[in-house]
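**Q** Sharing entry32.csv, CSV, C-alpha atoms and all ligand atoms:
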```
chain,number,residue,atom,x,y,z
A,270,MET,CA,-30.4,43.5,-33.4
A,271,ALA,CA,-32.5,40.6,-34.6
A,272,THR,CA,-33.2,38.5,-31.6
A,273,GLU,CA,-36.1,36.7,-32.9
A,274,ALA,CA,-34.9,35.4,-36.2
A,275,PRO,CA,-37.1,32.6,-37.4
A,276,VAL,CA,-35.5,29.3,-36.8
A,277,ALA,CA,-36.7,26.2,-38.6
A,278,SER,CA,-37.8,23.7,-36.0
A,279,THR,CA,-36.9,20.0,-36.2
A,280,SER,CA,-39.1,19.1,-33.3
A,281,THR,CA,-42.0,18.5,-35.7
A,282,GLY,CA,-39.8,16.1,-37.6
A,283,LYS,CA,-40.5,18.0,-40.8
A,284,VAL,CA,-37.8,19.7,-42.7
A,285,VAL,CA,-39.1,22.5,-44.9
A,286,PRO,CA,-36.4,23.3,-47.5
A,287,GLN,CA,-38.0,26.5,-48.6
A,288,THR,CA,-37.6,28.2,-45.3
A,289,VAL,CA,-34.5,30.3,-44.8
A,290,LEU,CA,-32.6,28.8,-41.9
A,291,TYR,CA,-31.0,31.0,-39.4
A,292,CYS,CA,-28.5,29.9,-36.8
A,293,ALA,CA,-30.0,29.9,-33.3
A,294,VAL,CA,-26.7,31.1,-31.9
A,295,CYS,CA,-25.7,34.0,-34.1
A,296,HIS,CA,-29.0,34.5,-36.0
A,297,PHE,CA,-27.2,34.5,-39.4
A,298,PRO,CA,-27.6,31.9,-42.1
A,299,PRO,CA,-25.3,29.0,-41.2
A,300,GLU,CA,-23.0,29.9,-44.1
A,301,TYR,CA,-21.9,32.9,-42.1
A,302,CYS,CA,-21.4,31.3,-38.8
A,303,GLU,CA,-17.7,30.9,-39.2
A,304,PHE,CA,-17.4,34.7,-39.2
A,305,GLN,CA,-19.2,35.0,-35.9
A,306,PRO,CA,-17.4,35.1,-32.5
A,307,LYS,CA,-19.3,32.2,-31.1
A,308,LYS,CA,-18.7,30.0,-34.1
A,309,ALA,CA,-17.9,27.0,-31.9
A,310,LYS,CA,-21.4,27.2,-30.4
A,311,CYS,CA,-22.9,27.7,-33.9
A,312,LYS,CA,-21.2,24.6,-35.2
A,313,ALA,CA,-22.4,22.5,-32.3
A,314,TRP,CA,-25.9,23.8,-32.7
A,315,LEU,CA,-25.9,23.0,-36.5
A,316,GLU,CA,-24.5,19.6,-35.9
A,317,GLU,CA,-27.2,18.8,-33.4
A,318,ASN,CA,-30.2,20.3,-35.3
A,319,HIS,CA,-29.2,20.1,-38.9
A,320,PRO,CA,-26.6,17.3,-39.4
A,321,ASP,CA,-27.0,17.5,-43.1
A,322,LEU,CA,-26.1,21.1,-43.3
A,323,HIS,CA,-23.4,20.6,-40.7
A,324,ALA,CA,-21.9,18.0,-43.0
A,325,LYS,CA,-22.2,20.4,-46.0
A,326,TYR,CA,-20.6,23.4,-44.4
A,327,TYR,CA,-18.1,21.8,-42.1
A,328,SER,CA,-16.8,18.9,-44.1
A,329,GLU,CA,-13.0,18.9,-44.6
A,330,SER,CA,-13.4,19.5,-48.3
A,331,ALA,CA,-15.8,22.4,-47.9
A,332,LEU,CA,-13.5,24.1,-45.5
A,333,GLU,CA,-10.5,23.5,-47.7
A,334,ASP,CA,-12.3,24.9,-50.7
A,335,LYS,CA,-13.1,28.0,-48.8
A,336,LEU,CA,-9.7,28.5,-47.4
A,337,ALA,CA,-8.1,27.8,-50.8
A,338,ASN,CA,-9.9,30.8,-52.2
A,339,LEU,CA,-8.3,33.1,-49.7
A,340,THR,CA,-4.8,34.5,-50.0
A,341,VAL,CA,-2.4,33.7,-47.1
A,342,GLU,CA,-2.7,37.3,-45.9
A,343,GLN,CA,-6.5,37.1,-46.0
A,344,ARG,CA,-6.5,33.8,-44.2
A,345,GLU,CA,-4.1,35.1,-41.5
A,346,ALA,CA,-6.1,38.3,-41.0
A,347,LEU,CA,-9.3,36.3,-40.8
A,348,GLU,CA,-7.9,33.9,-38.2
A,349,LYS,CA,-6.4,36.8,-36.2
A,350,ASP,CA,-9.7,38.6,-36.2
A,351,LEU,CA,-11.7,35.6,-35.1
A,352,ALA,CA,-9.2,34.8,-32.4
A,353,LYS,CA,-9.6,38.3,-31.1
A,354,LYS,CA,-13.4,38.2,-31.2
A,355,GLU,CA,-13.4,34.9,-29.4
A,356,LYS,CA,-11.0,36.1,-26.7
A,357,LYS,CA,-13.2,39.2,-26.2
A,358,GLU,CA,-16.3,37.1,-25.7
A,359,GLU,CA,-14.4,34.8,-23.3
A,360,GLN,CA,-13.1,37.7,-21.3
A,361,LYS,CA,-16.6,39.2,-21.1
A,362,ALA,CA,-18.1,36.0,-19.8
A,363,GLU,CA,-15.2,35.6,-17.3
A,364,LYS,CA,-15.6,39.2,-16.0
A,365,GLU,CA,-19.4,38.7,-15.6
A,366,ALA,CA,-18.8,35.5,-13.6
A,367,ALA,CA,-16.1,37.1,-11.5
A,368,LYS,CA,-18.4,40.0,-10.7
A,369,ILE,CA,-21.2,37.8,-9.5
A,370,ALA,CA,-18.8,35.6,-7.5
A,371,ALA,CA,-17.3,38.7,-5.8
A,372,SER,CA,-20.6,40.3,-5.1
A,373,LYS,CA,-21.4,40.2,-1.4
A,374,ILE,CA,-24.8,40.3,0.2
A,375,VAL,CA,-24.7,41.7,3.7
A,376,VAL,CA,-27.4,40.8,6.1
A,377,LYS,CA,-27.4,42.9,9.2
A,378,ARG,CA,-29.2,42.3,12.5
A,379,ILE,CA,-29.7,45.6,14.1
A,380,GLU,CA,-30.8,46.1,17.6
A,381,ARG,CA,-33.2,49.0,17.8
A,382,ASN,CA,-34.1,48.9,21.4
A,383,LYS,CA,-34.4,46.3,24.2
A,384,LYS,CA,-35.7,43.1,22.5
A,385,LYS,CA,-36.5,44.9,19.2
A,386,TRP,CA,-34.4,44.0,16.1
A,387,VAL,CA,-34.6,44.8,12.5
A,388,THR,CA,-32.9,43.0,9.6
A,389,THR,CA,-31.4,44.7,6.6
A,390,VAL,CA,-30.3,43.0,3.4
A,391,ASN,CA,-27.9,44.8,1.2
A,392,GLY,CA,-26.2,43.9,-2.1
A,393,LEU,CA,-29.1,42.1,-3.8
A,394,HIS,CA,-28.8,44.4,-6.8
A,395,HIS,CA,-25.6,42.6,-7.8
A,396,PHE,CA,-27.7,39.6,-8.5
A,397,GLY,CA,-30.4,41.5,-10.5
A,398,VAL,CA,-33.0,41.0,-7.7
A,399,ASP,CA,-36.1,43.2,-7.9
A,400,LEU,CA,-36.0,44.7,-4.3
A,401,LYS,CA,-39.6,45.6,-4.2
A,402,LYS,CA,-40.6,42.1,-5.1
A,403,ALA,CA,-38.2,40.7,-2.6
A,404,ALA,CA,-39.5,43.0,0.2
A,405,LYS,CA,-43.0,41.9,-0.6
A,406,LEU,CA,-42.1,38.2,-0.4
A,407,LEU,CA,-40.4,38.7,2.9
A,408,ALA,CA,-43.3,40.7,4.3
A,409,ASN,CA,-45.7,37.9,3.3
A,410,LYS,CA,-43.4,35.2,4.7
A,411,PHE,CA,-42.8,36.9,8.1
A,412,GLY,CA,-46.1,38.8,8.5
A,413,ALA,CA,-43.9,41.8,9.2
A,414,GLY,CA,-43.2,45.1,7.7
A,415,ALA,CA,-40.6,45.0,4.9
A,416,THR,CA,-39.5,48.1,3.0
A,417,VAL,CA,-37.0,49.2,0.5
A,418,SER,CA,-34.8,52.1,1.6
A,419,LYS,CA,-31.8,54.1,0.4
A,420,THR,CA,-28.5,53.6,2.2
A,421,PRO,CA,-26.0,56.4,2.9
A,422,GLN,CA,-23.9,54.9,0.1
A,423,GLY,CA,-26.6,55.6,-2.4
A,424,ASP,CA,-27.8,52.1,-3.1
A,425,GLU,CA,-30.9,50.4,-1.9
A,426,GLU,CA,-31.5,47.8,0.8
A,427,ILE,CA,-34.4,45.9,2.3
A,428,LEU,CA,-35.4,46.5,5.9
A,429,VAL,CA,-37.5,43.9,7.7
A,430,GLN,CA,-38.9,44.3,11.1
A,431,GLY,CA,-37.6,41.6,13.5
A,432,ASP,CA,-34.6,39.4,13.5
A,433,VAL,CA,-35.1,37.2,10.5
A,434,SER,CA,-31.5,37.0,9.3
A,435,THR,CA,-31.3,33.2,9.3
A,436,GLU,CA,-34.6,32.8,7.5
A,437,VAL,CA,-33.7,35.4,4.9
A,438,GLU,CA,-30.5,33.5,4.2
A,439,GLU,CA,-32.4,30.2,3.8
A,440,MET,CA,-34.8,31.9,1.4
A,441,MET,CA,-31.9,33.4,-0.7
A,442,LEU,CA,-30.2,30.0,-1.0
A,443,ASP,CA,-33.5,28.1,-1.7
A,444,ARG,CA,-33.3,26.3,-5.0
A,445,THR,CA,-36.6,24.5,-4.8
A,446,ASP,CA,-39.2,26.9,-3.6
A,447,LYS,CA,-40.6,28.5,-6.7
A,448,LYS,CA,-41.4,31.9,-5.1
A,449,CYS,CA,-37.9,32.2,-3.6
A,450,VAL,CA,-36.2,31.2,-6.9
A,451,ASP,CA,-38.4,33.7,-8.8
A,452,VAL,CA,-37.4,36.5,-6.5
A,453,PHE,CA,-33.8,35.7,-5.6
A,454,GLY,CA,-32.8,34.1,-8.8
A,455,GLY,CA,-31.5,30.8,-7.4
A,456,LYS,CA,-27.8,31.6,-8.0
A,457,ILE,CA,-26.8,33.2,-4.8
A,458,GLU,CA,-24.1,31.1,-3.0
A,459,GLN,CA,-23.7,30.8,0.8
A,460,ASN,CA,-20.1,32.2,0.7
A,461,GLN,CA,-21.5,35.4,-1.0
A,462,ILE,CA,-23.5,36.2,2.1
A,463,SER,CA,-22.0,37.8,5.2
A,464,PHE,CA,-23.6,38.7,8.5
A,465,VAL,CA,-23.2,41.7,10.7
A,466,GLU,CA,-24.6,42.4,14.1
A,467,VAL,CA,-25.2,45.9,15.2
A,468,LYS,CA,-25.9,46.2,18.9
A,469,LEU,CA,-27.1,49.1,20.8
A,470,LYS,CA,-24.3,51.0,22.4
A,471,LYS,CA,-24.9,51.1,26.2
A,472,LYS,CA,-23.5,54.6,26.8
A,473,VAL,CA,-25.7,56.3,24.2
A,474,ILE,CA,-28.9,57.5,25.8
A,475,ALA,CA,-32.0,56.6,23.8
A,476,PRO,CA,-30.7,57.0,20.3
A,477,PRO,CA,-33.5,57.4,17.7
A,478,GLU,CA,-31.5,55.4,15.1
A,479,VAL,CA,-28.4,53.2,15.2
A,480,ALA,CA,-25.8,54.4,12.9
A,481,PRO,CA,-24.8,51.6,10.6
A,482,GLN,CA,-21.2,52.6,10.0
A,483,GLY,CA,-18.5,51.0,12.1
A,484,ALA,CA,-20.5,47.8,12.5
A,485,PRO,CA,-18.5,45.1,14.2
A,486,GLN,CA,-17.6,42.3,11.8
A,487,GLN,CA,-18.5,38.8,13.0
B,501,ZN,ZN,-24.2,30.8,-36.1
```
Would you mind giving the structure from this file in structure tokens?
Ligand SMILES: [Zn+2]
**A**
Amino acid sequence: MATEAPVASTSTGKVVPQTVLYCAVCHFPPEYCEFQPKKAKCKAWLEENHPDLHAKYYSESALEDKLANLTVEQREALEKDLAKKEKKEEQKAEKEAAKIAASKIVVKRIERNKKKWVTTVNGLHHFGVDLKKAAKLLANKFGAGATVSKTPQGDEEILVQGDVSTEVEEMMLDRTDKKCVDVFGGKIEQNQISFVEVKLKKKVIAPPEVAPQGAPQQ
């Protein structure tokens, strides 16, 4: 796929007519935009960046001329096809948004022994966060060990020494600190984070590890 099609820039104020113009949205020449699924965006882009071409391709008469050359069947087929493509794009975007909205990050405070806690952060992969980078940022911030480890479910989580659950939440939600935004992406919402506390069970004698399953929900 051509993702870097040359696009004539208008920021210089110069219009170079010899240059072949490609739509910044679909990367086809603007004559073909109407066959692309994102044609509405193409049209808006052309109108803003090349009003002369927009007038040429999208004037009433230009569109009528084009449609007049098609048979009714061709026209219907074309419209149907475009509607289908547009719907597919829309559904894809909706699905993606729903996936992110439903993704939950779980922050666990885990009691390891008397007065010693660790904090784990699970689910960051839903947000495309690089866990190694995140662990490094947390380690620097808290001056404590932070590692990436595998969970029994097969995904990865970050484990930080100490109870830093509140601070970790603040960092994930931070929209202004450049380091935090770089690492956590700046799109995690508060309602996508939940907290779990895992306390030592009194009856168990000196457990080496606290099993994470069956953690009480707060
Ligand atoms: Zn286009």
**Q** Collect all residues with atoms no farther than 12 Å from ligand ZN 501 (chain B), counting only C-alpha atoms and all ligand atoms, and output them as an mmCIF file with C-alpha atoms, in the frame of the given file.
**A**
```
data_model
loop_
_atom_site.group_PDB
_atom_site.id
_atom_site.type_symbol
_atom_site.label_atom_id
_atom_site.label_comp_id
_atom_site.auth_asym_id
_atom_site.auth_seq_id
_atom_site.Cartn_x
_atom_site.Cartn_y
_atom_site.Cartn_z
ATOM 1 C CA ALA A 274 -34.900 35.400 -36.200
ATOM 2 C CA VAL A 276 -35.500 29.300 -36.800
ATOM 3 C CA LEU A 290 -32.600 28.800 -41.900
ATOM 4 C CA TYR A 291 -31.000 31.000 -39.400
ATOM 5 C CA CYS A 292 -28.500 29.900 -36.800
ATOM 6 C CA ALA A 293 -30.000 29.900 -33.300
ATOM 7 C CA VAL A 294 -26.700 31.100 -31.900
ATOM 8 C CA CYS A 295 -25.700 34.000 -34.100
ATOM 9 C CA HIS A 296 -29.000 34.500 -36.000
ATOM 10 C CA PHE A 297 -27.200 34.500 -39.400
ATOM 11 C CA PRO A 298 -27.600 31.900 -42.100
ATOM 12 C CA PRO A 299 -25.300 29.000 -41.200
ATOM 13 C CA GLU A 300 -23.000 29.900 -44.100
ATOM 14 C CA TYR A 301 -21.900 32.900 -42.100
ATOM 15 C CA CYS A 302 -21.400 31.300 -38.800
ATOM 16 C CA GLU A 303 -17.700 30.900 -39.200
ATOM 17 C CA PHE A 304 -17.400 34.700 -39.200
ATOM 18 C CA GLN A 305 -19.200 35.000 -35.900
ATOM 19 C CA PRO A 306 -17.400 35.100 -32.500
ATOM 20 C CA LYS A 307 -19.300 32.200 -31.100
ATOM 21 C CA LYS A 308 -18.700 30.000 -34.100
ATOM 22 C CA ALA A 309 -17.900 27.000 -31.900
ATOM 23 C CA LYS A 310 -21.400 27.200 -30.400
ATOM 24 C CA CYS A 311 -22.900 27.700 -33.900
ATOM 25 C CA LYS A 312 -21.200 24.600 -35.200
ATOM 26 C CA ALA A 313 -22.400 22.500 -32.300
ATOM 27 C CA TRP A 314 -25.900 23.800 -32.700
ATOM 28 C CA LEU A 315 -25.900 23.000 -36.500
ATOM 29 C CA GLU A 316 -24.500 19.600 -35.900
ATOM 30 C CA HIS A 323 -23.400 20.600 -40.700
ATOM 31 C CA TYR A 326 -20.600 23.400 -44.400
#
```
**Q** Restricting the calculation to only C-alpha atoms, which member of A:His395, A:Phe411, A:Pro421, A:Glu355 is positioned closest to A:Ala367?
**A** A:His395
**Q** Find the distance between atom CA of A:Lys361 and atom CA of A:Phe453 and write it in Å to one decimal.
**A**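 We find that atom CA of A:Lys361 and atom CA of A:Phe453 lie 23.4 Å from each other.
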**Q** Restricting the calculation to only C-alpha atoms, which member of A:Val437, A:Lys357, A:Ala324, A:Gly392 is positioned closest to A:Ala371?
**A** A:Gly392
**Q** Using all atoms listed in the file, which residues sit within 6 Å of A:Ala415 once same-chain residues fewer than 5 positions away are excluded, as a short mmCIF file (atom, residue, chain, number, x, y, z; two decimals) with C-alpha atoms, in the coordinates of the input?
**A**
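Saved the output as out16.cif:
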```cif
data_model
loop_
_atom_site.label_atom_id
_atom_site.label_comp_id
_atom_site.auth_asym_id
_atom_site.auth_seq_id
_atom_site.Cartn_x
_atom_site.Cartn_y
_atom_site.Cartn_z
CA ALA A 404 -39.50 43.00 0.20
CA ALA A 408 -43.30 40.70 4.30
CA LEU A 428 -35.40 46.50 5.90
CA VAL A 429 -37.50 43.90 7.70
#
```
**Q** So, counting only C-alpha atoms, which residue among A:Lys368, A:Lys354, A:Arg344, A:Arg378 is closest to A:Gln430?
**A**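 Closest candidate: A:Arg378.
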**Q** Between atom CA of A:Ser418 and atom CA of A:Lys402, what is the distance in Å, rounded to a tenth?
**A**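 It comes out at 13.4 Å.
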**Q** Please, what distance in Å, to one decimal, runs between atom CA of A:Lys384 and atom CA of A:Glu426?
**A**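 Separating atom CA of A:Lys384 from atom CA of A:Glu426 is a distance of 22.6 Å.
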**Q** Could you name the residues that touch stretch 447-451 of chain A at 12 Å or less, counting all atoms listed in the file, but leaving out those on the same chain fewer than 2 positions away, as a list in words?
**A** Gly397, Val398, Asp399, Lys402, Ala403, Ala404, Lys405, Leu406, Leu407, Asn409, Lys410, Glu436, Val437, Glu438, Glu439, Met440, Met441, Leu442, Asp443, Arg444, Thr445, Phe453, Gly454, Gly455, Lys456 and Ile457 of chain A
**Q** Return as lines of an AutoDock Vina configuration file the box centre and box size in Å, one decimal, for an axis-aligned box around all listed atoms of stretch 420-439 of chain A padded by 5 Å per side.
**A**
```
center_x = -31.4
center_y = 43.3
center_z = 5.2
size_x = 25.0
size_y = 36.2
size_z = 26.6
```
**Q** Which is closer to A:Trp386 than all the others in A:Ala346, A:Leu469, A:Ala362, A:Leu339, using all atoms listed in the file?
**A**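 For A:Trp386, the nearest of the given residues is A:Leu469.
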**Q** Measuring atom to atom with all atoms listed in the file, identify which of A:Asp321, A:Thr435, A:Gly412, A:Glu342 is nearest to A:Gln459.
**A**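 Between A:Asp321, A:Thr435, A:Gly412, A:Glu342, the residue approaching A:Gln459 most closely is A:Thr435.
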**Q** Taking (-31.7, 50.3, 1.3) in the file's own coordinates, collect the residues within 12 Å, counting all atoms listed in the file, and hand them back as a ChimeraX atom specification.
**A** /A:375-377,388-394,400-401,404,415-429,481
**Q** Kindly indicate which residue among A:Phe396, A:Glu333, A:Val467, A:Lys325 lies nearest to A:Ala370, using all atoms listed in the file for the distances.
**A**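 Among the listed residues, A:Phe396 lies closest to A:Ala370.
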**Q** Output stretch 388-416 of chain A with N, CA and C atoms present, as a PDB file, keeping the file's coordinate frame.
**A**
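New file out_38.pdb:
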```
ATOM      1  N   THR A 388     -33.843  43.688  10.487  1.00  0.00           N
ATOM      2  CA  THR A 388     -32.900  43.000   9.600  1.00  0.00           C
ATOM      3  C   THR A 388     -32.781  43.766   8.314  1.00  0.00           C
ATOM      4  N   THR A 389     -31.567  44.060   7.883  1.00  0.00           N
ATOM      5  CA  THR A 389     -31.400  44.700   6.600  1.00  0.00           C
ATOM      6  C   THR A 389     -30.668  43.730   5.640  1.00  0.00           C
ATOM      7  N   VAL A 390     -31.006  43.796   4.366  1.00  0.00           N
ATOM      8  CA  VAL A 390     -30.300  43.000   3.400  1.00  0.00           C
ATOM      9  C   VAL A 390     -29.814  43.909   2.277  1.00  0.00           C
ATOM     10  N   ASN A 391     -28.496  43.929   2.141  1.00  0.00           N
ATOM     11  CA  ASN A 391     -27.900  44.800   1.200  1.00  0.00           C
ATOM     12  C   ASN A 391     -27.064  44.064   0.159  1.00  0.00           C
ATOM     13  N   GLY A 392     -27.060  44.551  -1.063  1.00  0.00           N
ATOM     14  CA  GLY A 392     -26.200  43.900  -2.100  1.00  0.00           C
ATOM     15  C   GLY A 392     -26.978  43.067  -3.084  1.00  0.00           C
ATOM     16  N   LEU A 393     -28.296  42.976  -2.899  1.00  0.00           N
ATOM     17  CA  LEU A 393     -29.100  42.100  -3.800  1.00  0.00           C
ATOM     18  C   LEU A 393     -29.080  42.605  -5.241  1.00  0.00           C
ATOM     19  N   HIS A 394     -28.798  43.898  -5.424  1.00  0.00           N
ATOM     20  CA  HIS A 394     -28.800  44.400  -6.800  1.00  0.00           C
ATOM     21  C   HIS A 394     -27.700  43.803  -7.647  1.00  0.00           C
ATOM     22  N   HIS A 395     -26.633  43.299  -6.989  1.00  0.00           N
ATOM     23  CA  HIS A 395     -25.600  42.600  -7.800  1.00  0.00           C
ATOM     24  C   HIS A 395     -26.114  41.391  -8.470  1.00  0.00           C
ATOM     25  N   PHE A 396     -27.211  40.860  -7.968  1.00  0.00           N
ATOM     26  CA  PHE A 396     -27.700  39.600  -8.500  1.00  0.00           C
ATOM     27  C   PHE A 396     -29.015  39.868  -9.342  1.00  0.00           C
ATOM     28  N   GLY A 397     -29.256  41.139  -9.642  1.00  0.00           N
ATOM     29  CA  GLY A 397     -30.400  41.500 -10.500  1.00  0.00           C
ATOM     30  C   GLY A 397     -31.752  41.222  -9.797  1.00  0.00           C
ATOM     31  N   VAL A 398     -31.738  41.266  -8.461  1.00  0.00           N
ATOM     32  CA  VAL A 398     -33.000  41.000  -7.700  1.00  0.00           C
ATOM     33  C   VAL A 398     -33.839  42.287  -7.705  1.00  0.00           C
ATOM     34  N   ASP A 399     -35.120  42.134  -7.979  1.00  0.00           N
ATOM     35  CA  ASP A 399     -36.100  43.200  -7.900  1.00  0.00           C
ATOM     36  C   ASP A 399     -36.365  43.428  -6.369  1.00  0.00           C
ATOM     37  N   LEU A 400     -35.866  44.529  -5.793  1.00  0.00           N
ATOM     38  CA  LEU A 400     -36.000  44.700  -4.300  1.00  0.00           C
ATOM     39  C   LEU A 400     -37.401  44.831  -3.852  1.00  0.00           C
ATOM     40  N   LYS A 401     -38.240  45.455  -4.670  1.00  0.00           N
ATOM     41  CA  LYS A 401     -39.600  45.600  -4.200  1.00  0.00           C
ATOM     42  C   LYS A 401     -40.314  44.247  -4.132  1.00  0.00           C
ATOM     43  N   LYS A 402     -40.045  43.404  -5.148  1.00  0.00           N
ATOM     44  CA  LYS A 402     -40.600  42.100  -5.100  1.00  0.00           C
ATOM     45  C   LYS A 402     -40.089  41.274  -3.922  1.00  0.00           C
ATOM     46  N   ALA A 403     -38.787  41.427  -3.668  1.00  0.00           N
ATOM     47  CA  ALA A 403     -38.200  40.700  -2.600  1.00  0.00           C
ATOM     48  C   ALA A 403     -38.765  41.160  -1.229  1.00  0.00           C
ATOM     49  N   ALA A 404     -38.956  42.473  -1.078  1.00  0.00           N
ATOM     50  CA  ALA A 404     -39.500  43.000   0.200  1.00  0.00           C
ATOM     51  C   ALA A 404     -40.947  42.459   0.374  1.00  0.00           C
ATOM     52  N   LYS A 405     -41.685  42.367  -0.723  1.00  0.00           N
ATOM     53  CA  LYS A 405     -43.000  41.900  -0.600  1.00  0.00           C
ATOM     54  C   LYS A 405     -43.067  40.409  -0.189  1.00  0.00           C
ATOM     55  N   LEU A 406     -42.152  39.632  -0.791  1.00  0.00           N
ATOM     56  CA  LEU A 406     -42.100  38.200  -0.400  1.00  0.00           C
ATOM     57  C   LEU A 406     -41.729  38.045   1.050  1.00  0.00           C
ATOM     58  N   LEU A 407     -40.770  38.837   1.524  1.00  0.00           N
ATOM     59  CA  LEU A 407     -40.400  38.700   2.900  1.00  0.00           C
ATOM     60  C   LEU A 407     -41.492  39.183   3.849  1.00  0.00           C
ATOM     61  N   ALA A 408     -42.194  40.246   3.461  1.00  0.00           N
ATOM     62  CA  ALA A 408     -43.300  40.700   4.300  1.00  0.00           C
ATOM     63  C   ALA A 408     -44.378  39.651   4.413  1.00  0.00           C
ATOM     64  N   ASN A 409     -44.676  38.997   3.301  1.00  0.00           N
ATOM     65  CA  ASN A 409     -45.700  37.900   3.300  1.00  0.00           C
ATOM     66  C   ASN A 409     -45.217  36.754   4.185  1.00  0.00           C
ATOM     67  N   LYS A 410     -43.940  36.411   4.026  1.00  0.00           N
ATOM     68  CA  LYS A 410     -43.400  35.200   4.700  1.00  0.00           C
ATOM     69  C   LYS A 410     -43.396  35.448   6.243  1.00  0.00           C
ATOM     70  N   PHE A 411     -42.983  36.648   6.667  1.00  0.00           N
ATOM     71  CA  PHE A 411     -42.800  36.900   8.100  1.00  0.00           C
ATOM     72  C   PHE A 411     -44.010  37.588   8.736  1.00  0.00           C
ATOM     73  N   GLY A 412     -44.965  37.994   7.924  1.00  0.00           N
ATOM     74  CA  GLY A 412     -46.100  38.800   8.500  1.00  0.00           C
ATOM     75  C   GLY A 412     -45.597  40.014   9.159  1.00  0.00           C
ATOM     76  N   ALA A 413     -44.544  40.600   8.611  1.00  0.00           N
ATOM     77  CA  ALA A 413     -43.900  41.800   9.200  1.00  0.00           C
ATOM     78  C   ALA A 413     -43.697  42.830   8.165  1.00  0.00           C
ATOM     79  N   GLY A 414     -43.507  44.061   8.599  1.00  0.00           N
ATOM     80  CA  GLY A 414     -43.200  45.100   7.700  1.00  0.00           C
ATOM     81  C   GLY A 414     -41.880  44.902   6.969  1.00  0.00           C
ATOM     82  N   ALA A 415     -41.834  45.115   5.656  1.00  0.00           N
ATOM     83  CA  ALA A 415     -40.600  45.000   4.900  1.00  0.00           C
ATOM     84  C   ALA A 415     -40.579  46.162   3.888  1.00  0.00           C
ATOM     85  N   THR A 416     -39.547  46.970   3.926  1.00  0.00           N
ATOM     86  CA  THR A 416     -39.500  48.100   3.000  1.00  0.00           C
ATOM     87  C   THR A 416     -38.194  48.198   2.289  1.00  0.00           C
TER      88      THR A 416
END
```
